[in-house]
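Trainee: I have a structure here, written as structure tokens, and I will follow up with some questions on it.
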Amino acid sequence: MKRIQIHVRVLLACALGFALTASAARNVPKAVTEDYDWRDGATLQLEGRGFPNADKPYNRLPEKWEGVVPPAVWKLSQTSIDINARFVTDSDEVVVRWEVLTGYRPHPQITLNGTQGVDVYKRTSNGTWEHTLAGAPNVETGVGELRVPWNPGDECLVYLPMRVLPRSFSIGVKKGKSFNPARPHRLSKPIVHYGTSIVHGGRADRAGLTFTSIMARELDVDLINLGFPGNGRMELALADVLAEIDAALYIVDCEWNMNPKMVEERYEPFVRKLKELRPDTPILLCGGCTEKPFPRQQEVISRKIFDKLKSEDPAKWANLHFLSGVDQLPNNSDCTTDHCHPNVYGFMYMAPVYAKVVREILSL
């Protein structure tokens, strides 16, 4: 029954997404006049950033890490996945403008909304988040403009693009209307999620449908996404990167980009270093998500390392936790696009699984 309900939710979400995308496309050409007050995104209190003083506001890593982390990781950090603006306004319309680099090579399994678009949510009166509108930029100019009819007083959440780095980003409200920060999250510290292309958004149709963004909305937390497609291989330099962020929880989710030998060689040193640098912060280790009823070989090895650490000093490693990849997805091939990367159905299944574990770890 649970899987049937998830299937229904996914179908409804996809149907709504297509309708809203069409609506967004119709809205783009309409010009915005001087009747709006504009806020440059660089001046906003953006969330989803581990390094708020970064030289470039939408980069996930600051310049200091260039040449320290692997070159591919540095290049892949130049995207704005899970970076977002959250605010409250009494305007009856919100306008989002953004520009991305042109010439981006389309992904064969991800929509333009998912790679280069913005995604807008509102918080309802019962405290849950509801999708409002999404839009993609003009493929020739790289410029996007999304006009969103708004219920004055509602809290607004705008996700930046998943797979590109915006050149610019701004939000407009009717002239003279208020623009205030949203209320604080339930946690004063963020959750940091380090991993692979699956963490980076997998095959989500839009930025708000990654399992990390769904989980963050459900838990009401700030989440910093350090997923790196084709990478996320537990290099020791990345333990330094994670530890520089004062987090409520570190989630380490790298197994899909590591072969068994890499897990044997890198897993334990990485976990020990992160623990040494942040001894009081909980760590959640994750097996690679799988649609199979048995764990991948990488998880068999990592689970042995986890058990070794827990047994060597139960008190020291009390805050070390493990989530099996078998528990993350339903046991059927419809939840991924390629038996690896989850689709929206897979992500909608994964998000509550992660949320439940995080609630237990942080007593939320």
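Note on naming: chains are A, B, ... as they come in the structure tokens, residues start from 1 per chain, ligands start from 1 in the order shown.
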Write out as a VMD selection string the residues lying within 6 Å of His193 (chain A), counting only C-alpha atoms and excluding same-chain residues fewer than 6 positions away.

Mentor: chain A and resid 225 to 226 251

Trainee: Take the residues from that selection and write them out as a compact mmCIF listing (two decimals), in the first residue's frame, keeping N, CA and C atoms.

Mentor:
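Done, and the output landed in selection02.txt:
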# COMPACT_ATOMS: atom_id res chain seq x y z
N ASN A 225 24.64 20.82 0.54
CA ASN A 225 24.83 19.71 -0.39
C ASN A 225 26.26 19.72 -0.94
N LEU A 226 27.02 18.71 -0.58
CA LEU A 226 28.38 18.54 -1.11
C LEU A 226 28.44 17.22 -1.90
N ILE A 251 26.61 13.67 6.98
CA ILE A 251 26.16 12.47 6.29
C ILE A 251 27.18 12.16 5.21

Trainee: Give me the residues within 6 Å of region 276-291 of chain A as a PyMOL selection string, counting only C-alpha atoms and dropping any in the same chain fewer than 2 places off.

Mentor: chain A and resi 249-253+255-256+273-274+299+319-326+328-332

Trainee: Produce a file of the selected residues containing N, CA and C atoms, as a CSV table (one decimal), in the first residue's frame.

Mentor:
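Final output, saved to selection-v6.csv:
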chain,number,residue,atom,x,y,z
A,249,LEU,N,25.1,17.6,11.9
A,249,LEU,CA,25.3,16.2,11.5
A,249,LEU,C,26.1,16.1,10.2
A,250,TYR,N,27.0,15.2,10.1
A,250,TYR,CA,27.6,14.9,8.8
A,250,TYR,C,27.1,13.6,8.2
A,251,ILE,N,26.6,13.7,7.0
A,251,ILE,CA,26.2,12.5,6.3
A,251,ILE,C,27.2,12.2,5.2
A,252,VAL,N,27.7,11.0,5.3
A,252,VAL,CA,28.8,10.5,4.3
A,252,VAL,C,28.2,9.4,3.4
A,253,ASP,N,28.1,9.7,2.1
A,253,ASP,CA,27.3,8.9,1.2
A,253,ASP,C,28.0,8.7,-0.1
A,255,GLU,N,29.5,5.7,-1.5
A,255,GLU,CA,29.9,4.3,-2.0
A,255,GLU,C,29.7,4.1,-3.5
A,256,TRP,N,28.8,4.8,-4.1
A,256,TRP,CA,28.5,4.5,-5.5
A,256,TRP,C,29.7,4.9,-6.4
A,273,LYS,N,39.5,10.7,10.6
A,273,LYS,CA,39.9,12.0,10.5
A,273,LYS,C,38.8,13.0,10.8
A,274,LEU,N,37.6,12.7,10.2
A,274,LEU,CA,36.5,13.6,10.5
A,274,LEU,C,36.1,13.5,12.0
A,299,GLU,N,29.2,-1.9,0.4
A,299,GLU,CA,28.6,-1.8,1.7
A,299,GLU,C,29.0,-2.9,2.7
A,319,ASN,N,28.2,8.2,18.6
A,319,ASN,CA,27.5,9.1,17.7
A,319,ASN,C,27.9,8.7,16.2
A,320,LEU,N,28.3,7.5,16.0
A,320,LEU,CA,28.6,7.0,14.6
A,320,LEU,C,27.4,6.1,14.3
A,321,HIS,N,26.8,6.4,13.1
A,321,HIS,CA,25.5,5.6,12.7
A,321,HIS,C,25.7,5.1,11.3
A,322,PHE,N,24.8,4.2,10.9
A,322,PHE,CA,24.9,3.6,9.6
A,322,PHE,C,23.5,3.4,9.0
A,323,LEU,N,23.3,3.7,7.8
A,323,LEU,CA,22.1,3.5,7.0
A,323,LEU,C,22.4,2.6,5.8
A,324,SER,N,21.8,1.4,5.8
A,324,SER,CA,22.0,0.5,4.7
A,324,SER,C,21.4,1.0,3.4
A,325,GLY,N,22.0,0.8,2.3
A,325,GLY,CA,21.5,1.2,1.0
A,325,GLY,C,20.3,0.4,0.6
A,326,VAL,N,20.1,-0.8,1.2
A,326,VAL,CA,19.0,-1.7,0.9
A,326,VAL,C,17.7,-1.0,1.4
A,328,GLN,N,17.0,2.2,1.4
A,328,GLN,CA,16.8,3.5,0.9
A,328,GLN,C,15.8,3.6,-0.3
A,329,LEU,N,15.7,2.5,-1.0
A,329,LEU,CA,14.8,2.4,-2.2
A,329,LEU,C,13.9,1.2,-2.2
A,330,PRO,N,12.7,1.3,-2.9
A,330,PRO,CA,11.9,0.1,-3.0
A,330,PRO,C,12.5,-0.9,-3.8
A,331,ASN,N,12.1,-2.1,-3.7
A,331,ASN,CA,12.8,-3.3,-4.4
A,331,ASN,C,12.1,-3.4,-5.7
A,332,ASN,N,12.3,-2.4,-6.6
A,332,ASN,CA,11.8,-2.5,-8.0
A,332,ASN,C,12.6,-1.6,-8.9

Trainee: Skip region 74-80 of chain A itself and residues of its chain fewer than 2 positions away, then list as a ChimeraX atom specification all residues within 7 Å of it, counting only C-alpha atoms.

Mentor: /A:58-61,66,69-72,82-83,160-165,228

Trainee: Under the rule of at most 8 Å, produce a per-residue listing of region 53-112 of chain A near region 136-147 of chain A: chain, number, name, the closest pair of atoms, and the distance in Å, as a Markdown table, using only C-alpha atoms.

Mentor:
| residue | atom | partner | partner_atom | distance |
| --- | --- | --- | --- | --- |
| A:Glu93 | CA | A:Arg147 | CA | 7.0 |
| A:Val94 | CA | A:Arg147 | CA | 6.0 |
| A:Val95 | CA | A:Arg147 | CA | 4.5 |
| A:Val96 | CA | A:Leu146 | CA | 5.1 |
| A:Arg97 | CA | A:Glu145 | CA | 4.5 |
| A:Trp98 | CA | A:Gly144 | CA | 5.3 |
| A:Glu99 | CA | A:Val143 | CA | 4.3 |
| A:Val100 | CA | A:Gly142 | CA | 5.0 |
| A:Leu101 | CA | A:Gly142 | CA | 5.9 |
| A:Thr102 | CA | A:Gly142 | CA | 5.2 |
| A:Leu112 | CA | A:Ala136 | CA | 6.0 |

Trainee: Choose the residue, out of A:Pro149, A:Gly48, A:Gly41, A:Gly114, that has the smallest atom-to-atom separation from Asp222 (chain A); count only C-alpha atoms.

Mentor: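 Counting only C-alpha atoms, the residue closest to Asp222 (chain A) is A:Gly48.
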
Trainee: Using only C-alpha atoms, find the one residue out of A:Trp38, A:Tyr349, A:Tyr354, A:Phe51 that sits nearest to Lys64 (chain A).

Mentor: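 Closest candidate: A:Phe51.
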
Trainee: Can you pull out every residue within 10 Å of Arg86 (chain A), counting only C-alpha atoms, but drop anything in the same chain fewer than 6 positions away, and send it as a ChimeraX atom specification?

Mentor: /A:44-47,120-122,155-159,180-183

Trainee: With all heavy atoms retained, write the just-selected residues as a short mmCIF file (atom, residue, chain, number, x, y, z; two decimals), in the first residue's frame.

Mentor:
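The file below, again-v1.cif, is the result:
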data_model
loop_
_atom_site.label_atom_id
_atom_site.label_comp_id
_atom_site.auth_asym_id
_atom_site.auth_seq_id
_atom_site.Cartn_x
_atom_site.Cartn_y
_atom_site.Cartn_z
N LEU A 44 21.35 38.58 -0.04
CA LEU A 44 20.38 37.88 0.78
C LEU A 44 21.06 36.91 1.73
O LEU A 44 22.21 36.51 1.53
CB LEU A 44 19.40 37.11 -0.11
CG LEU A 44 18.58 37.93 -1.10
CD1 LEU A 44 17.70 37.01 -1.94
CD2 LEU A 44 17.73 38.97 -0.39
N GLN A 45 20.34 36.48 2.75
CA GLN A 45 20.85 35.47 3.67
C GLN A 45 20.55 34.10 3.06
O GLN A 45 19.62 33.40 3.45
CB GLN A 45 20.20 35.61 5.04
CG GLN A 45 20.82 34.72 6.09
CD GLN A 45 20.26 34.99 7.48
OE1 GLN A 45 19.57 35.98 7.70
NE2 GLN A 45 20.54 34.10 8.41
N LEU A 46 21.39 33.72 2.09
CA LEU A 46 21.17 32.47 1.38
C LEU A 46 21.44 31.27 2.29
O LEU A 46 22.35 31.29 3.12
CB LEU A 46 22.08 32.40 0.16
CG LEU A 46 21.84 33.44 -0.94
CD1 LEU A 46 22.92 33.33 -2.00
CD2 LEU A 46 20.45 33.28 -1.55
N GLU A 47 20.66 30.21 2.09
CA GLU A 47 20.86 28.97 2.83
C GLU A 47 21.46 27.92 1.90
O GLU A 47 21.51 28.10 0.69
CB GLU A 47 19.53 28.50 3.42
CG GLU A 47 18.95 29.51 4.41
CD GLU A 47 17.67 29.04 5.06
OE1 GLU A 47 17.09 28.04 4.59
OE2 GLU A 47 17.25 29.68 6.04
N VAL A 120 10.20 27.24 -6.98
CA VAL A 120 9.61 28.07 -5.94
C VAL A 120 8.60 27.26 -5.12
O VAL A 120 7.73 26.58 -5.68
CB VAL A 120 8.92 29.31 -6.53
CG1 VAL A 120 8.34 30.19 -5.43
CG2 VAL A 120 9.89 30.10 -7.40
N TYR A 121 8.70 27.36 -3.79
CA TYR A 121 7.78 26.72 -2.86
C TYR A 121 7.21 27.76 -1.90
O TYR A 121 7.83 28.80 -1.65
CB TYR A 121 8.50 25.64 -2.03
CG TYR A 121 8.72 24.34 -2.74
CD1 TYR A 121 9.69 24.22 -3.72
CD2 TYR A 121 7.96 23.22 -2.44
CE1 TYR A 121 9.90 23.02 -4.38
CE2 TYR A 121 8.16 22.01 -3.09
CZ TYR A 121 9.13 21.92 -4.06
OH TYR A 121 9.33 20.72 -4.71
N LYS A 122 6.04 27.47 -1.35
CA LYS A 122 5.47 28.30 -0.30
C LYS A 122 5.13 27.41 0.90
O LYS A 122 4.79 26.23 0.75
CB LYS A 122 4.22 29.03 -0.78
CG LYS A 122 3.02 28.13 -1.05
CD LYS A 122 1.81 28.96 -1.44
CE LYS A 122 0.60 28.06 -1.74
NZ LYS A 122 -0.58 28.84 -2.14
N GLU A 155 5.37 32.42 3.48
CA GLU A 155 6.82 32.24 3.41
C GLU A 155 7.19 31.65 2.06
O GLU A 155 6.55 30.71 1.59
CB GLU A 155 7.29 31.32 4.54
CG GLU A 155 8.79 31.13 4.60
CD GLU A 155 9.21 30.25 5.77
OE1 GLU A 155 8.40 30.06 6.70
OE2 GLU A 155 10.35 29.75 5.73
N CYS A 156 8.23 32.19 1.45
CA CYS A 156 8.65 31.79 0.11
C CYS A 156 10.03 31.13 0.16
O CYS A 156 10.91 31.57 0.91
CB CYS A 156 8.68 33.01 -0.82
SG CYS A 156 9.12 32.64 -2.53
N LEU A 157 10.21 30.12 -0.64
CA LEU A 157 11.48 29.40 -0.75
C LEU A 157 11.82 29.27 -2.23
O LEU A 157 11.05 28.70 -3.00
CB LEU A 157 11.34 28.01 -0.11
CG LEU A 157 12.47 27.01 -0.29
CD1 LEU A 157 13.76 27.52 0.33
CD2 LEU A 157 12.09 25.66 0.33
N VAL A 158 12.97 29.81 -2.63
CA VAL A 158 13.40 29.78 -4.03
C VAL A 158 14.72 29.01 -4.12
O VAL A 158 15.73 29.42 -3.55
CB VAL A 158 13.60 31.20 -4.60
CG1 VAL A 158 14.02 31.11 -6.08
CG2 VAL A 158 12.33 32.03 -4.45
N TYR A 159 14.69 27.88 -4.83
CA TYR A 159 15.90 27.10 -5.06
C TYR A 159 16.60 27.60 -6.32
O TYR A 159 15.96 27.84 -7.35
CB TYR A 159 15.58 25.62 -5.28
CG TYR A 159 15.15 24.88 -4.04
CD1 TYR A 159 13.81 24.59 -3.81
CD2 TYR A 159 16.08 24.45 -3.09
CE1 TYR A 159 13.40 23.89 -2.68
CE2 TYR A 159 15.69 23.76 -1.96
CZ TYR A 159 14.35 23.48 -1.76
OH TYR A 159 13.96 22.80 -0.64
N ASN A 180 11.13 40.31 4.26
CA ASN A 180 11.75 40.00 5.54
C ASN A 180 12.30 38.58 5.56
O ASN A 180 11.76 37.69 4.89
CB ASN A 180 10.73 40.15 6.68
CG ASN A 180 10.20 41.56 6.78
OD1 ASN A 180 10.96 42.52 6.84
ND2 ASN A 180 8.87 41.71 6.78
N PRO A 181 13.36 38.35 6.36
CA PRO A 181 13.88 36.98 6.49
C PRO A 181 12.82 36.07 7.09
O PRO A 181 11.97 36.49 7.87
CB PRO A 181 15.06 37.15 7.45
CG PRO A 181 15.41 38.61 7.40
CD PRO A 181 14.13 39.33 7.14
N ALA A 182 12.87 34.80 6.69
CA ALA A 182 11.95 33.81 7.27
C ALA A 182 12.40 33.48 8.69
O ALA A 182 13.52 33.78 9.11
CB ALA A 182 11.93 32.57 6.40
N ARG A 183 11.50 32.85 9.42
CA ARG A 183 11.83 32.47 10.80
C ARG A 183 12.97 31.45 10.80
O ARG A 183 13.17 30.72 9.82
CB ARG A 183 10.61 31.88 11.49
CG ARG A 183 10.11 30.60 10.87
CD ARG A 183 8.99 29.99 11.71
NE ARG A 183 8.44 28.79 11.09
CZ ARG A 183 9.02 27.61 11.10
NH1 ARG A 183 10.21 27.46 11.65
NH2 ARG A 183 8.44 26.57 10.54
#

Trainee: Give me every strand (DSSP E) residue in region 36-145 of chain A, going by DSSP on the backbone, as a ChimeraX atom specification.

Mentor: /A:36-40,84-89,93-100,118-123,129-135,143-145

Trainee: Looking only at alpha helix (DSSP H) from DSSP on the backbone, list the matching residues of region 169-292 of chain A as a ChimeraX atom specification.

Mentor: /A:211-219,236-244,260-277

Trainee: What's around region 333-343 of chain A at 9 Å? Count only C-alpha atoms, leave out sequence neighbours fewer than 5 positions away in its own chain, and write the answer as number ranges by chain.

Mentor: A: 109, 197-198, 201-205, 210, 256, 289-292, 348-350

Trainee: Next, dump the selected residues to file, keeping only all heavy atoms, as a compact mmCIF listing (two decimals), in the first residue's frame.

Mentor:
# COMPACT_ATOMS: atom_id res chain seq x y z
N GLN A 109 19.02 12.90 -19.48
CA GLN A 109 18.01 12.33 -18.58
C GLN A 109 17.43 13.35 -17.60
O GLN A 109 16.69 12.99 -16.69
CB GLN A 109 18.61 11.16 -17.80
CG GLN A 109 19.00 9.98 -18.68
CD GLN A 109 19.67 8.88 -17.89
OE1 GLN A 109 20.26 9.11 -16.86
NE2 GLN A 109 19.57 7.65 -18.39
N SER A 197 26.82 11.88 -7.37
CA SER A 197 25.81 12.52 -8.21
C SER A 197 24.40 12.28 -7.68
O SER A 197 23.49 13.08 -7.95
CB SER A 197 25.91 11.99 -9.65
OG SER A 197 25.79 10.58 -9.67
N ILE A 198 24.20 11.21 -6.96
CA ILE A 198 22.88 10.94 -6.37
C ILE A 198 22.57 12.02 -5.33
O ILE A 198 21.47 12.57 -5.30
CB ILE A 198 22.84 9.53 -5.75
CG1 ILE A 198 22.99 8.49 -6.86
CG2 ILE A 198 21.55 9.31 -4.98
CD1 ILE A 198 23.17 7.07 -6.36
N GLY A 201 21.71 15.40 -6.86
CA GLY A 201 20.41 15.62 -7.49
C GLY A 201 19.95 14.50 -8.39
O GLY A 201 18.81 14.50 -8.85
N GLY A 202 20.84 13.54 -8.65
CA GLY A 202 20.45 12.38 -9.44
C GLY A 202 19.76 12.77 -10.73
O GLY A 202 20.29 13.53 -11.53
N ARG A 203 18.54 12.29 -10.90
CA ARG A 203 17.78 12.58 -12.12
C ARG A 203 16.49 13.33 -11.77
O ARG A 203 15.45 13.15 -12.40
CB ARG A 203 17.45 11.27 -12.85
CG ARG A 203 18.69 10.48 -13.28
CD ARG A 203 19.52 11.26 -14.30
NE ARG A 203 20.68 10.50 -14.74
CZ ARG A 203 21.91 10.71 -14.28
NH1 ARG A 203 22.12 11.64 -13.36
NH2 ARG A 203 22.92 10.00 -14.75
N ALA A 204 16.56 14.20 -10.78
CA ALA A 204 15.39 14.98 -10.38
C ALA A 204 14.97 15.93 -11.50
O ALA A 204 15.80 16.47 -12.22
CB ALA A 204 15.70 15.78 -9.12
N ASP A 205 13.66 16.13 -11.64
CA ASP A 205 13.12 16.99 -12.69
C ASP A 205 13.29 18.48 -12.38
O ASP A 205 13.24 19.31 -13.29
CB ASP A 205 11.63 16.70 -12.89
CG ASP A 205 11.38 15.29 -13.41
OD1 ASP A 205 12.27 14.76 -14.10
OD2 ASP A 205 10.32 14.73 -13.12
N THR A 210 14.94 16.85 -5.37
CA THR A 210 16.03 15.97 -4.94
C THR A 210 15.68 15.42 -3.57
O THR A 210 14.92 16.04 -2.81
CB THR A 210 17.36 16.74 -4.86
OG1 THR A 210 17.29 17.69 -3.80
CG2 THR A 210 17.65 17.46 -6.17
N TRP A 256 28.76 4.79 -4.12
CA TRP A 256 28.53 4.54 -5.54
C TRP A 256 29.73 4.95 -6.40
O TRP A 256 29.89 4.47 -7.52
CB TRP A 256 27.28 5.26 -6.02
CG TRP A 256 26.06 4.38 -6.05
CD1 TRP A 256 24.99 4.43 -5.21
CD2 TRP A 256 25.80 3.31 -6.96
NE1 TRP A 256 24.07 3.45 -5.54
CE2 TRP A 256 24.54 2.75 -6.62
CE3 TRP A 256 26.50 2.75 -8.03
CZ2 TRP A 256 23.97 1.68 -7.31
CZ3 TRP A 256 25.92 1.69 -8.73
CH2 TRP A 256 24.68 1.16 -8.36
N CYS A 289 22.62 3.42 -2.22
CA CYS A 289 21.22 3.05 -2.41
C CYS A 289 21.10 2.00 -3.52
O CYS A 289 21.81 2.05 -4.52
CB CYS A 289 20.38 4.28 -2.74
SG CYS A 289 20.84 5.12 -4.27
N THR A 290 20.21 1.05 -3.33
CA THR A 290 20.06 -0.02 -4.31
C THR A 290 18.61 -0.51 -4.34
O THR A 290 17.93 -0.55 -3.31
CB THR A 290 20.99 -1.20 -4.00
OG1 THR A 290 20.76 -2.25 -4.94
CG2 THR A 290 20.79 -1.73 -2.60
N GLU A 291 18.18 -0.87 -5.54
CA GLU A 291 16.85 -1.45 -5.71
C GLU A 291 16.85 -2.95 -5.45
O GLU A 291 15.80 -3.59 -5.45
CB GLU A 291 16.36 -1.18 -7.13
CG GLU A 291 17.25 -1.84 -8.18
CD GLU A 291 17.12 -1.23 -9.56
OE1 GLU A 291 16.89 -0.02 -9.67
OE2 GLU A 291 17.25 -2.00 -10.53
N LYS A 292 18.04 -3.52 -5.21
CA LYS A 292 18.18 -4.95 -4.96
C LYS A 292 17.88 -5.26 -3.49
O LYS A 292 18.02 -4.38 -2.62
CB LYS A 292 19.59 -5.43 -5.30
CG LYS A 292 20.03 -5.13 -6.73
CD LYS A 292 19.19 -5.85 -7.75
CE LYS A 292 19.70 -5.59 -9.16
NZ LYS A 292 18.86 -6.25 -10.19
N MET A 348 11.42 10.41 -3.77
CA MET A 348 10.31 10.58 -2.86
C MET A 348 10.22 9.42 -1.86
O MET A 348 9.66 9.57 -0.77
CB MET A 348 9.00 10.73 -3.64
CG MET A 348 8.94 12.02 -4.44
SD MET A 348 7.37 12.25 -5.31
CE MET A 348 6.29 12.69 -3.96
N TYR A 349 10.77 8.29 -2.21
CA TYR A 349 10.87 7.16 -1.29
C TYR A 349 12.05 7.36 -0.33
O TYR A 349 11.94 7.11 0.87
CB TYR A 349 11.05 5.86 -2.07
CG TYR A 349 10.89 4.61 -1.25
CD1 TYR A 349 9.68 3.91 -1.26
CD2 TYR A 349 11.93 4.10 -0.49
CE1 TYR A 349 9.52 2.74 -0.52
CE2 TYR A 349 11.79 2.95 0.26
CZ TYR A 349 10.58 2.27 0.24
OH TYR A 349 10.43 1.13 0.99
N MET A 350 13.18 7.82 -0.87
CA MET A 350 14.39 7.97 -0.06
C MET A 350 14.26 9.05 1.02
O MET A 350 14.74 8.88 2.14
CB MET A 350 15.58 8.33 -0.96
CG MET A 350 16.09 7.21 -1.82
SD MET A 350 17.44 7.75 -2.92
CE MET A 350 18.76 8.01 -1.74

Trainee: Could you please determine the separation between CA of Asp313 (chain A) and CA of Glu268 (chain A) in Å, to one decimal place?

Mentor: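 One can read the CA of Asp313 (chain A) to CA of Glu268 (chain A) distance as 14.4 Å.
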
Trainee: Which residue out of A:Val357, A:Ala315, A:Val271, A:Leu242 has the minimum interatomic distance to Trp65 (chain A) when only C-alpha atoms are used?

Mentor: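 Comparing A:Val357, A:Ala315, A:Val271, A:Leu242 against Trp65 (chain A), the winner is A:Leu242.
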